[in-house]
>>> print(open('start-v6.cif').read())   # mmCIF, C-alpha atoms
data_target
#
loop_
_atom_site.group_PDB
_atom_site.id
_atom_site.type_symbol
_atom_site.label_atom_id
_atom_site.label_comp_id
_atom_site.auth_asym_id
_atom_site.auth_seq_id
_atom_site.Cartn_x
_atom_site.Cartn_y
_atom_site.Cartn_z
ATOM 1 C CA MET H 760 -178.242 -199.493 17.388
ATOM 2 C CA GLU H 761 -175.755 -201.909 18.906
ATOM 3 C CA PHE H 762 -175.449 -199.767 22.020
ATOM 4 C CA LEU H 763 -178.987 -200.873 22.975
ATOM 5 C CA ASN H 764 -177.854 -204.508 23.228
ATOM 6 C CA GLU H 765 -175.370 -203.643 25.969
ATOM 7 C CA LEU H 766 -177.895 -201.782 28.158
ATOM 8 C CA GLU H 767 -179.857 -203.131 31.084
ATOM 9 C CA PRO H 768 -183.412 -204.244 30.161
ATOM 10 C CA PHE H 769 -185.136 -201.497 32.189
ATOM 11 C CA LEU H 770 -183.057 -198.771 30.525
ATOM 12 C CA LYS H 771 -183.727 -200.328 27.093
ATOM 13 C CA ILE H 772 -187.455 -199.728 27.578
ATOM 14 C CA PHE H 773 -186.850 -196.000 28.010
ATOM 15 C CA TRP H 774 -184.663 -195.951 24.892
ATOM 16 C CA TYR H 775 -187.242 -197.906 22.856
ATOM 17 C CA VAL H 776 -189.814 -195.269 23.774
ATOM 18 C CA ALA H 777 -187.458 -192.271 23.362
ATOM 19 C CA ILE H 778 -186.104 -192.983 19.877
ATOM 20 C CA PRO H 779 -189.385 -193.235 17.896
ATOM 21 C CA THR H 780 -191.032 -190.556 20.027
ATOM 22 C CA SER H 781 -188.180 -188.130 19.365
ATOM 23 C CA LEU H 782 -188.325 -188.892 15.652
ATOM 24 C CA ILE H 783 -192.074 -188.241 15.533
ATOM 25 C CA PHE H 784 -191.585 -185.056 17.571
ATOM 26 C CA VAL H 785 -188.986 -183.758 15.110
ATOM 27 C CA ILE H 786 -191.301 -184.531 12.175
ATOM 28 C CA GLN H 787 -194.222 -182.783 13.922
ATOM 29 C CA THR H 788 -192.056 -179.754 14.630
ATOM 30 C CA ILE H 789 -190.895 -179.503 11.020
ATOM 31 C CA LEU H 790 -194.469 -179.860 9.751
ATOM 32 C CA THR H 791 -195.715 -177.248 12.218
ATOM 33 C CA PHE H 792 -193.107 -174.661 11.221
ATOM 34 C CA SER H 793 -193.658 -175.363 7.534
ATOM 35 C CA GLY H 794 -197.394 -174.746 7.969
ATOM 36 C CA MET H 795 -198.562 -178.297 7.372
ATOM 37 C CA GLY H 796 -198.944 -179.458 10.963
ATOM 38 C CA ALA H 797 -202.144 -177.657 11.929
ATOM 39 C CA SER H 798 -203.858 -180.897 12.885
ATOM 40 C CA ASP H 799 -202.879 -184.232 14.315
ATOM 41 C CA GLY H 800 -204.987 -185.977 11.711
ATOM 42 C CA ILE H 801 -206.576 -188.035 14.469
ATOM 43 C CA ASP H 802 -209.899 -187.090 16.030
ATOM 44 C CA ALA H 803 -210.919 -188.555 19.355
ATOM 45 C CA ASP H 804 -214.210 -190.483 19.411
ATOM 46 C CA PHE H 805 -215.138 -188.765 22.658
ATOM 47 C CA ASP H 806 -215.215 -185.240 24.006
ATOM 48 C CA GLY H 807 -212.006 -184.598 25.950
ATOM 49 C CA ASP H 808 -213.203 -181.129 26.859
ATOM 50 C CA PHE H 809 -213.716 -181.250 30.614
ATOM 51 C CA ASN H 810 -214.768 -177.671 31.369
ATOM 52 C CA GLY H 811 -217.600 -177.314 28.841
ATOM 53 C CA GLU H 812 -215.923 -174.602 26.771
ATOM 54 C CA ASP H 813 -214.592 -174.898 23.254
ATOM 55 C CA THR H 814 -210.829 -175.193 23.307
ATOM 56 C CA PRO H 815 -208.427 -175.054 20.377
ATOM 57 C CA PHE H 816 -206.742 -178.262 21.471
ATOM 58 C CA GLN H 817 -207.853 -181.668 22.653
ATOM 59 C CA ILE H 818 -206.572 -183.220 25.821
ATOM 60 C CA PHE H 819 -206.275 -186.630 24.161
ATOM 61 C CA SER H 820 -204.368 -186.198 20.896
ATOM 62 C CA LEU H 821 -201.350 -187.649 19.146
ATOM 63 C CA ARG H 822 -199.382 -184.468 19.815
ATOM 64 C CA ASN H 823 -200.062 -184.655 23.561
ATOM 65 C CA LEU H 824 -199.190 -188.366 23.616
ATOM 66 C CA ILE H 825 -195.868 -187.570 21.932
ATOM 67 C CA ASN H 826 -195.215 -184.730 24.403
ATOM 68 C CA PHE H 827 -195.929 -187.038 27.339
ATOM 69 C CA LEU H 828 -193.766 -189.884 25.994
ATOM 70 C CA LEU H 829 -190.953 -187.443 25.213
ATOM 71 C CA GLY H 830 -190.856 -186.167 28.797
ATOM 72 C CA PHE H 831 -191.359 -189.646 30.249
ATOM 73 C CA SER H 832 -188.680 -191.432 28.242
ATOM 74 C CA TRP H 833 -185.947 -188.801 28.361
ATOM 75 C CA THR H 834 -186.450 -188.298 32.092
ATOM 76 C CA GLY H 835 -186.087 -192.044 32.600
ATOM 77 C CA ILE H 836 -182.900 -192.103 30.520
ATOM 78 C CA SER H 837 -181.455 -189.003 32.203
ATOM 79 C CA LEU H 838 -182.135 -190.086 35.789
ATOM 80 C CA TYR H 839 -181.574 -193.842 35.374
ATOM 81 C CA HIS H 840 -178.130 -193.845 37.026
ATOM 82 C CA SER H 841 -179.134 -191.244 39.663
ATOM 83 C CA ILE H 842 -182.261 -192.978 41.000
ATOM 84 C CA SER H 843 -181.835 -196.630 41.875
ATOM 85 C CA ASN H 844 -185.474 -197.306 42.825
ATOM 86 C CA GLU H 845 -187.319 -198.266 39.618
ATOM 87 C CA PHE H 846 -190.758 -197.294 40.966
ATOM 88 C CA ALA H 847 -189.510 -193.848 41.977
ATOM 89 C CA LEU H 848 -187.910 -193.417 38.542
ATOM 90 C CA ILE H 849 -191.145 -194.367 36.778
ATOM 91 C CA GLY H 850 -193.131 -192.035 39.062
ATOM 92 C CA ILE H 851 -190.830 -189.086 38.408
ATOM 93 C CA SER H 852 -190.874 -189.879 34.689
ATOM 94 C CA PHE H 853 -194.687 -189.859 34.709
ATOM 95 C CA ILE H 854 -194.736 -186.508 36.498
ATOM 96 C CA VAL H 855 -192.307 -184.965 34.007
ATOM 97 C CA GLY H 856 -194.336 -186.428 31.116
ATOM 98 C CA PHE H 857 -197.469 -184.747 32.451
ATOM 99 C CA LEU H 858 -195.504 -181.525 32.957
ATOM 100 C CA PHE H 859 -194.522 -181.623 29.265
ATOM 101 C CA VAL H 860 -198.214 -181.840 28.289
ATOM 102 C CA PHE H 861 -199.112 -179.048 30.736
ATOM 103 C CA LEU H 862 -196.287 -176.887 29.381
ATOM 104 C CA PHE H 863 -197.608 -177.464 25.845
ATOM 105 C CA PHE H 864 -201.074 -176.259 26.961
ATOM 106 C CA VAL H 865 -199.585 -173.156 28.588
ATOM 107 C CA VAL H 866 -197.516 -172.289 25.499
ATOM 108 C CA ILE H 867 -200.470 -172.770 23.128
ATOM 109 C CA ASN H 868 -202.700 -170.679 25.396
ATOM 110 C CA GLN H 869 -200.144 -167.839 25.438
ATOM 111 C CA VAL H 870 -199.656 -167.980 21.659
ATOM 112 C CA GLN H 871 -203.408 -167.737 21.118
ATOM 113 C CA LYS H 872 -203.546 -164.596 23.236
ATOM 114 C CA LEU H 873 -201.352 -162.994 20.571
ATOM 115 C CA ALA H 874 -204.048 -163.484 17.924
ATOM 116 C CA GLU H 875 -205.918 -160.311 17.062
ATOM 117 C CA ASP H 876 -209.015 -159.864 14.919
ATOM 118 C CA ASN H 877 -208.537 -156.723 12.853
ATOM 119 C CA THR H 878 -211.542 -157.322 10.652
ATOM 120 C CA PHE H 879 -213.352 -154.055 10.020
ATOM 121 C CA LYS H 880 -216.855 -154.070 11.458
ATOM 122 C CA ILE H 881 -218.853 -150.938 10.788
ATOM 123 C CA GLN H 882 -220.574 -151.288 14.189
ATOM 124 C CA ASN H 883 -217.226 -150.415 15.804
ATOM 125 C CA VAL H 884 -217.353 -146.819 14.509
ATOM 126 C CA VAL H 885 -220.384 -145.799 16.600
ATOM 127 C CA GLY H 886 -219.201 -143.374 19.289
ATOM 128 C CA LYS H 887 -215.906 -142.651 17.518
ATOM 129 C CA THR H 888 -214.713 -139.303 16.206
ATOM 130 C CA GLY H 889 -214.135 -138.732 12.510
ATOM 131 C CA GLU H 890 -213.279 -135.981 10.046
ATOM 132 C CA VAL H 891 -215.565 -134.816 7.250
ATOM 133 C CA TYR H 892 -213.977 -135.680 3.919
ATOM 134 C CA LEU H 893 -216.739 -134.535 1.516
ATOM 135 C CA ASN H 894 -219.467 -131.984 2.371
ATOM 136 C CA ILE H 895 -222.400 -133.399 4.303
ATOM 137 C CA PRO H 896 -225.646 -131.551 3.462
ATOM 138 C CA ALA H 897 -227.943 -130.413 6.302
ATOM 139 C CA GLU H 898 -230.992 -132.279 7.589
ATOM 140 C CA LYS H 899 -230.319 -135.598 5.781
ATOM 141 C CA ASN H 900 -230.672 -133.894 2.365
ATOM 142 C CA GLY H 901 -227.822 -135.904 0.917
ATOM 143 C CA LYS H 902 -224.750 -137.949 1.730
ATOM 144 C CA GLY H 903 -221.235 -136.863 2.386
ATOM 145 C CA LYS H 904 -218.108 -138.754 3.388
ATOM 146 C CA VAL H 905 -216.350 -139.134 6.735
ATOM 147 C CA MET H 906 -212.859 -140.514 7.462
ATOM 148 C CA VAL H 907 -212.774 -142.678 10.591
ATOM 149 C CA SER H 908 -209.864 -144.550 12.148
ATOM 150 C CA VAL H 909 -210.650 -148.053 13.433
ATOM 151 C CA ASN H 910 -207.844 -150.330 14.686
ATOM 152 C CA GLY H 911 -205.245 -148.021 13.162
ATOM 153 C CA ALA H 912 -206.750 -148.061 9.653
ATOM 154 C CA TYR H 913 -208.676 -145.191 8.075
ATOM 155 C CA HIS H 914 -212.022 -145.861 6.424
ATOM 156 C CA GLU H 915 -213.986 -143.531 4.149
ATOM 157 C CA LEU H 916 -217.672 -144.000 4.921
ATOM 158 C CA ASP H 917 -220.962 -142.442 3.764
ATOM 159 C CA ALA H 918 -222.532 -140.106 6.316
ATOM 160 C CA VAL H 919 -225.543 -137.852 6.871
ATOM 161 C CA THR H 920 -226.347 -135.339 9.592
ATOM 162 C CA GLU H 921 -229.570 -134.324 11.273
ATOM 163 C CA GLY H 922 -228.228 -130.821 11.970
ATOM 164 C CA LYS H 923 -226.447 -128.116 9.976
ATOM 165 C CA ALA H 924 -224.321 -128.833 6.914
ATOM 166 C CA LEU H 925 -220.773 -129.933 7.642
ATOM 167 C CA LYS H 926 -217.734 -128.772 5.674
ATOM 168 C CA PRO H 927 -214.569 -130.798 4.941
ATOM 169 C CA HIS H 928 -212.063 -131.055 7.821
ATOM 170 C CA SER H 929 -214.847 -130.599 10.436
ATOM 171 C CA LEU H 930 -214.660 -132.991 13.361
ATOM 172 C CA VAL H 931 -217.753 -135.105 13.933
ATOM 173 C CA LYS H 932 -218.938 -137.737 16.354
ATOM 174 C CA ILE H 933 -220.676 -140.809 14.968
ATOM 175 C CA LYS H 934 -224.040 -141.179 16.727
ATOM 176 C CA SER H 935 -225.495 -144.255 15.052
ATOM 177 C CA LEU H 936 -225.885 -146.350 11.917
ATOM 178 C CA GLU H 937 -228.753 -146.236 9.463
ATOM 179 C CA SER H 938 -229.526 -148.834 6.797
ATOM 180 C CA GLY H 939 -226.590 -150.968 7.895
ATOM 181 C CA ASN H 940 -223.755 -148.804 6.526
ATOM 182 C CA LEU H 941 -224.825 -145.134 6.575
ATOM 183 C CA LEU H 942 -223.403 -143.099 9.474
ATOM 184 C CA ILE H 943 -225.446 -140.525 11.371
ATOM 185 C CA VAL H 944 -222.990 -137.871 12.583
ATOM 186 C CA GLU H 945 -223.090 -134.659 14.603
ATOM 187 C CA SER H 946 -220.654 -131.765 14.774
ATOM 188 C CA ILE H 947 -218.283 -131.624 17.734
#
>>> encode(input="start-v6.cif", output="C-alpha coordinates")
Amino acid sequence: MEFLNELEPFLKIFWYVAIPTSLIFVIQTILTFSGMGASDGIDADFDGDFNGEDTPFQIFSLRNLINFLLGFSWTGISLYHSISNEFALIGISFIVGFLFVFLFFVVINQVQKLAEDNTFKIQNVVGKTGEVYLNIPAEKNGKGKVMVSVNGAYHELDAVTEGKALKPHSLVKIKSLESGNLLIVESI
(Lines of atoms letter the chains of each structure in order from A and count residues from 1; the text may use other names and numbers.)
(Lines give C-alpha, C1' and ligand atoms only; values in the text may rest on other atoms or scores of the structure.)
Protein backbone atom coordinates (compact mmCIF):
# COMPACT_ATOMS: atom_id res chain seq x y z
CA MET A 1 0.00 0.00 0.00
CA GLU A 2 2.99 2.27 -0.46
CA PHE A 3 1.46 3.80 -3.57
CA LEU A 4 -1.09 5.55 -1.30
CA ASN A 5 1.70 7.51 0.43
CA GLU A 6 2.71 9.15 -2.85
CA LEU A 7 -0.82 10.32 -3.75
CA GLU A 8 -2.35 13.71 -3.13
CA PRO A 9 -4.51 13.86 0.04
CA PHE A 10 -7.80 14.37 -1.84
CA LEU A 11 -7.16 11.34 -4.06
CA LYS A 12 -6.16 9.28 -0.99
CA ILE A 13 -9.65 9.77 0.44
CA PHE A 14 -11.20 8.17 -2.64
CA TRP A 15 -8.75 5.26 -2.41
CA TYR A 16 -9.42 4.78 1.32
CA VAL A 17 -13.12 4.49 0.52
CA ALA A 18 -12.66 2.36 -2.64
CA ILE A 19 -10.43 -0.39 -1.25
CA PRO A 20 -12.58 -1.61 1.69
CA THR A 21 -15.79 -0.99 -0.23
CA SER A 22 -14.57 -3.09 -3.16
CA LEU A 23 -13.50 -5.86 -0.79
CA ILE A 24 -16.90 -5.90 0.90
CA PHE A 25 -18.60 -5.84 -2.51
CA VAL A 26 -16.61 -8.87 -3.67
CA ILE A 27 -17.49 -10.74 -0.46
CA GLN A 28 -21.19 -9.85 -0.86
CA THR A 29 -21.14 -11.01 -4.46
CA ILE A 30 -19.54 -14.34 -3.56
CA LEU A 31 -22.03 -14.87 -0.73
CA THR A 32 -24.95 -13.97 -2.99
CA PHE A 33 -23.95 -16.42 -5.73
CA SER A 34 -23.24 -19.15 -3.19
CA GLY A 35 -26.74 -18.71 -1.74
CA MET A 36 -25.72 -17.28 1.61
CA GLY A 37 -26.19 -13.58 0.91
CA ALA A 38 -29.98 -13.35 1.00
CA SER A 39 -29.90 -10.70 3.71
CA ASP A 40 -27.65 -7.88 4.76
CA GLY A 41 -27.92 -8.99 8.36
CA ILE A 42 -28.74 -5.42 9.33
CA ASP A 43 -32.31 -4.23 9.80
CA ALA A 44 -33.10 -0.54 9.78
CA ASP A 45 -34.81 0.84 12.90
CA PHE A 46 -37.17 2.83 10.70
CA ASP A 47 -39.37 2.18 7.70
CA GLY A 48 -37.47 3.18 4.55
CA ASP A 49 -40.47 2.31 2.42
CA PHE A 50 -41.64 5.63 1.00
CA ASN A 51 -44.54 4.55 -1.21
CA GLY A 52 -46.52 2.51 1.32
CA GLU A 53 -46.12 -0.82 -0.47
CA ASP A 54 -44.11 -3.81 0.66
CA THR A 55 -40.86 -4.00 -1.26
CA PRO A 56 -38.33 -6.82 -1.29
CA PHE A 57 -35.49 -4.42 -0.56
CA GLN A 58 -34.88 -1.56 1.81
CA ILE A 59 -33.69 1.81 0.65
CA PHE A 60 -31.30 2.10 3.60
CA SER A 61 -29.26 -1.10 3.80
CA LEU A 62 -25.63 -2.17 3.94
CA ARG A 63 -25.82 -3.42 0.36
CA ASN A 64 -27.08 -0.06 -0.91
CA LEU A 65 -24.43 1.79 1.10
CA ILE A 66 -21.75 -0.39 -0.49
CA ASN A 67 -23.23 0.20 -3.96
CA PHE A 68 -23.24 3.95 -3.38
CA LEU A 69 -19.67 4.04 -2.01
CA LEU A 70 -18.47 1.83 -4.87
CA GLY A 71 -19.82 4.23 -7.49
CA PHE A 72 -18.72 7.30 -5.53
CA SER A 73 -15.15 6.22 -4.85
CA TRP A 74 -14.30 4.70 -8.22
CA THR A 75 -15.77 7.68 -10.06
CA GLY A 76 -13.62 9.99 -7.95
CA ILE A 77 -10.52 7.91 -8.69
CA SER A 78 -11.31 7.61 -12.41
CA LEU A 79 -12.07 11.30 -13.00
CA TYR A 80 -9.55 12.81 -10.55
CA HIS A 81 -7.06 13.86 -13.25
CA SER A 82 -9.82 14.89 -15.72
CA ILE A 83 -11.77 17.24 -13.43
CA SER A 84 -9.70 19.80 -11.60
CA ASN A 85 -12.55 21.34 -9.56
CA GLU A 86 -12.88 19.28 -6.36
CA PHE A 87 -16.51 20.29 -5.75
CA ALA A 88 -17.51 19.26 -9.27
CA LEU A 89 -15.68 15.95 -8.82
CA ILE A 90 -17.47 15.26 -5.54
CA GLY A 91 -20.82 16.22 -7.11
CA ILE A 92 -20.32 13.92 -10.09
CA SER A 93 -19.15 11.16 -7.75
CA PHE A 94 -22.31 11.56 -5.66
CA ILE A 95 -24.49 11.38 -8.77
CA VAL A 96 -22.76 8.21 -9.98
CA GLY A 97 -23.05 6.70 -6.48
CA PHE A 98 -26.80 7.31 -6.52
CA LEU A 99 -26.97 5.89 -10.05
CA PHE A 100 -25.32 2.69 -8.77
CA VAL A 101 -28.05 2.34 -6.11
CA PHE A 102 -30.77 3.10 -8.68
CA LEU A 103 -29.28 0.55 -11.08
CA PHE A 104 -29.31 -2.04 -8.27
CA PHE A 105 -33.04 -1.35 -7.69
CA VAL A 106 -33.79 -1.70 -11.41
CA VAL A 107 -31.88 -4.99 -11.68
CA ILE A 108 -33.55 -6.46 -8.58
CA ASN A 109 -36.97 -5.36 -9.85
CA GLN A 110 -36.36 -7.04 -13.22
CA VAL A 111 -35.08 -10.25 -11.60
CA GLN A 112 -38.18 -10.44 -9.43
CA LYS A 113 -40.39 -10.23 -12.50
CA LEU A 114 -38.85 -13.55 -13.54
CA ALA A 115 -40.25 -15.28 -10.45
CA GLU A 116 -43.27 -17.44 -11.16
CA ASP A 117 -45.60 -19.18 -8.73
CA ASN A 118 -46.41 -22.60 -10.15
CA THR A 119 -48.11 -23.86 -7.02
CA PHE A 120 -51.17 -25.88 -7.94
CA LYS A 121 -54.36 -24.28 -6.67
CA ILE A 122 -57.51 -26.25 -7.37
CA GLN A 123 -59.47 -22.99 -7.80
CA ASN A 124 -57.51 -22.40 -11.02
CA VAL A 125 -59.22 -25.33 -12.79
CA VAL A 126 -62.70 -23.76 -12.79
CA GLY A 127 -63.57 -22.82 -16.38
CA LYS A 128 -60.85 -25.04 -17.86
CA THR A 129 -61.34 -28.00 -20.18
CA GLY A 130 -60.38 -31.50 -19.14
CA GLU A 131 -60.58 -35.10 -20.32
CA VAL A 132 -62.48 -37.85 -18.51
CA TYR A 133 -60.01 -40.41 -17.22
CA LEU A 134 -62.37 -42.76 -15.32
CA ASN A 135 -66.14 -43.05 -15.95
CA ILE A 136 -68.23 -40.38 -14.27
CA PRO A 137 -71.70 -41.70 -13.33
CA ALA A 138 -74.79 -39.63 -14.18
CA GLU A 139 -76.61 -37.26 -11.82
CA LYS A 140 -73.93 -37.18 -9.07
CA ASN A 141 -74.38 -40.93 -8.42
CA GLY A 142 -70.67 -41.43 -7.94
CA LYS A 143 -67.24 -40.01 -8.64
CA GLY A 144 -65.05 -40.36 -11.65
CA LYS A 145 -61.69 -38.87 -12.58
CA VAL A 146 -60.76 -36.00 -14.89
CA MET A 147 -57.31 -35.03 -16.23
CA VAL A 148 -56.78 -31.27 -16.29
CA SER A 149 -53.73 -29.28 -17.37
CA VAL A 150 -52.82 -26.31 -15.16
CA ASN A 151 -49.58 -24.37 -15.77
CA GLY A 152 -48.32 -27.12 -18.06
CA ALA A 153 -48.79 -29.94 -15.53
CA TYR A 154 -51.54 -32.55 -15.66
CA HIS A 155 -53.60 -33.27 -12.56
CA GLU A 156 -55.95 -36.20 -11.97
CA LEU A 157 -58.91 -34.92 -9.97
CA ASP A 158 -62.19 -36.37 -8.65
CA ALA A 159 -65.26 -35.22 -10.59
CA VAL A 160 -69.04 -35.59 -10.71
CA THR A 161 -71.60 -34.47 -13.27
CA GLU A 162 -75.15 -33.22 -12.97
CA GLY A 163 -76.03 -34.55 -16.44
CA LYS A 164 -75.55 -37.82 -18.32
CA ALA A 165 -72.76 -40.29 -17.56
CA LEU A 166 -69.42 -39.47 -19.13
CA LYS A 167 -67.10 -42.06 -20.67
CA PRO A 168 -63.27 -41.97 -20.71
CA HIS A 169 -61.69 -39.64 -23.29
CA SER A 170 -64.78 -37.36 -23.30
CA LEU A 171 -64.00 -33.66 -23.16
CA VAL A 172 -65.56 -31.77 -20.27
CA LYS A 173 -65.68 -28.24 -18.97
CA ILE A 174 -65.21 -27.67 -15.25
CA LYS A 175 -68.16 -25.63 -13.97
CA SER A 176 -67.40 -25.34 -10.26
CA LEU A 177 -65.95 -26.90 -7.13
CA GLU A 178 -67.85 -28.76 -4.44
CA SER A 179 -66.56 -29.63 -0.98
CA GLY A 180 -63.25 -27.90 -1.68
CA ASN A 181 -61.76 -30.47 -4.08
CA LEU A 182 -64.57 -32.19 -6.01
CA LEU A 183 -65.08 -30.91 -9.56
CA ILE A 184 -68.52 -30.39 -11.08
CA VAL A 185 -68.15 -30.97 -14.83
CA GLU A 186 -70.34 -30.87 -17.93
CA SER A 187 -69.89 -32.46 -21.34
CA ILE A 188 -68.64 -30.25 -24.16
>>> atom_distance(input="start-v6.cif", atom1="atom CA of Ile867 of chain H", atom2="atom CA of Leu829 of chain H")
17.6 Å
>>> atom_distance(input="start-v6.cif", atom1="atom CA of Val865 of chain H", atom2="atom CA of Gly835 of chain H")
23.6 Å
>>> atom_distance(input="start-v6.cif", atom1="atom CA of Ala924 of chain H", atom2="atom CA of Ile895 of chain H")
5.6 Å
>>> closest_residue(input="start-v6.cif", among="H:Leu873, H:Ile836, H:Lys880, H:Ser843", to="Leu766 of chain H", atoms="all atoms listed in the file")
H:Ile836
>>> residues_around(input="start-v6.cif", residues="Val907 of chain H", least_positions_apart="5", cutoff="6 Å", atoms="all atoms listed in the file", output="list in words")
Gly889, Tyr913 and His914 of chain H
>>> closest_residue(input="start-v6.cif", among="H:Asn883, H:Thr780, H:Gln871, H:Ser935", to="Trp833 of chain H", atoms="all atoms listed in the file")
H:Thr780
>>> residues_around(input="start-v6.cif", residues="Val919 of chain H", least_positions_apart="5", cutoff="10 Å", atoms="only C-alpha atoms", output="count of residues only")
22
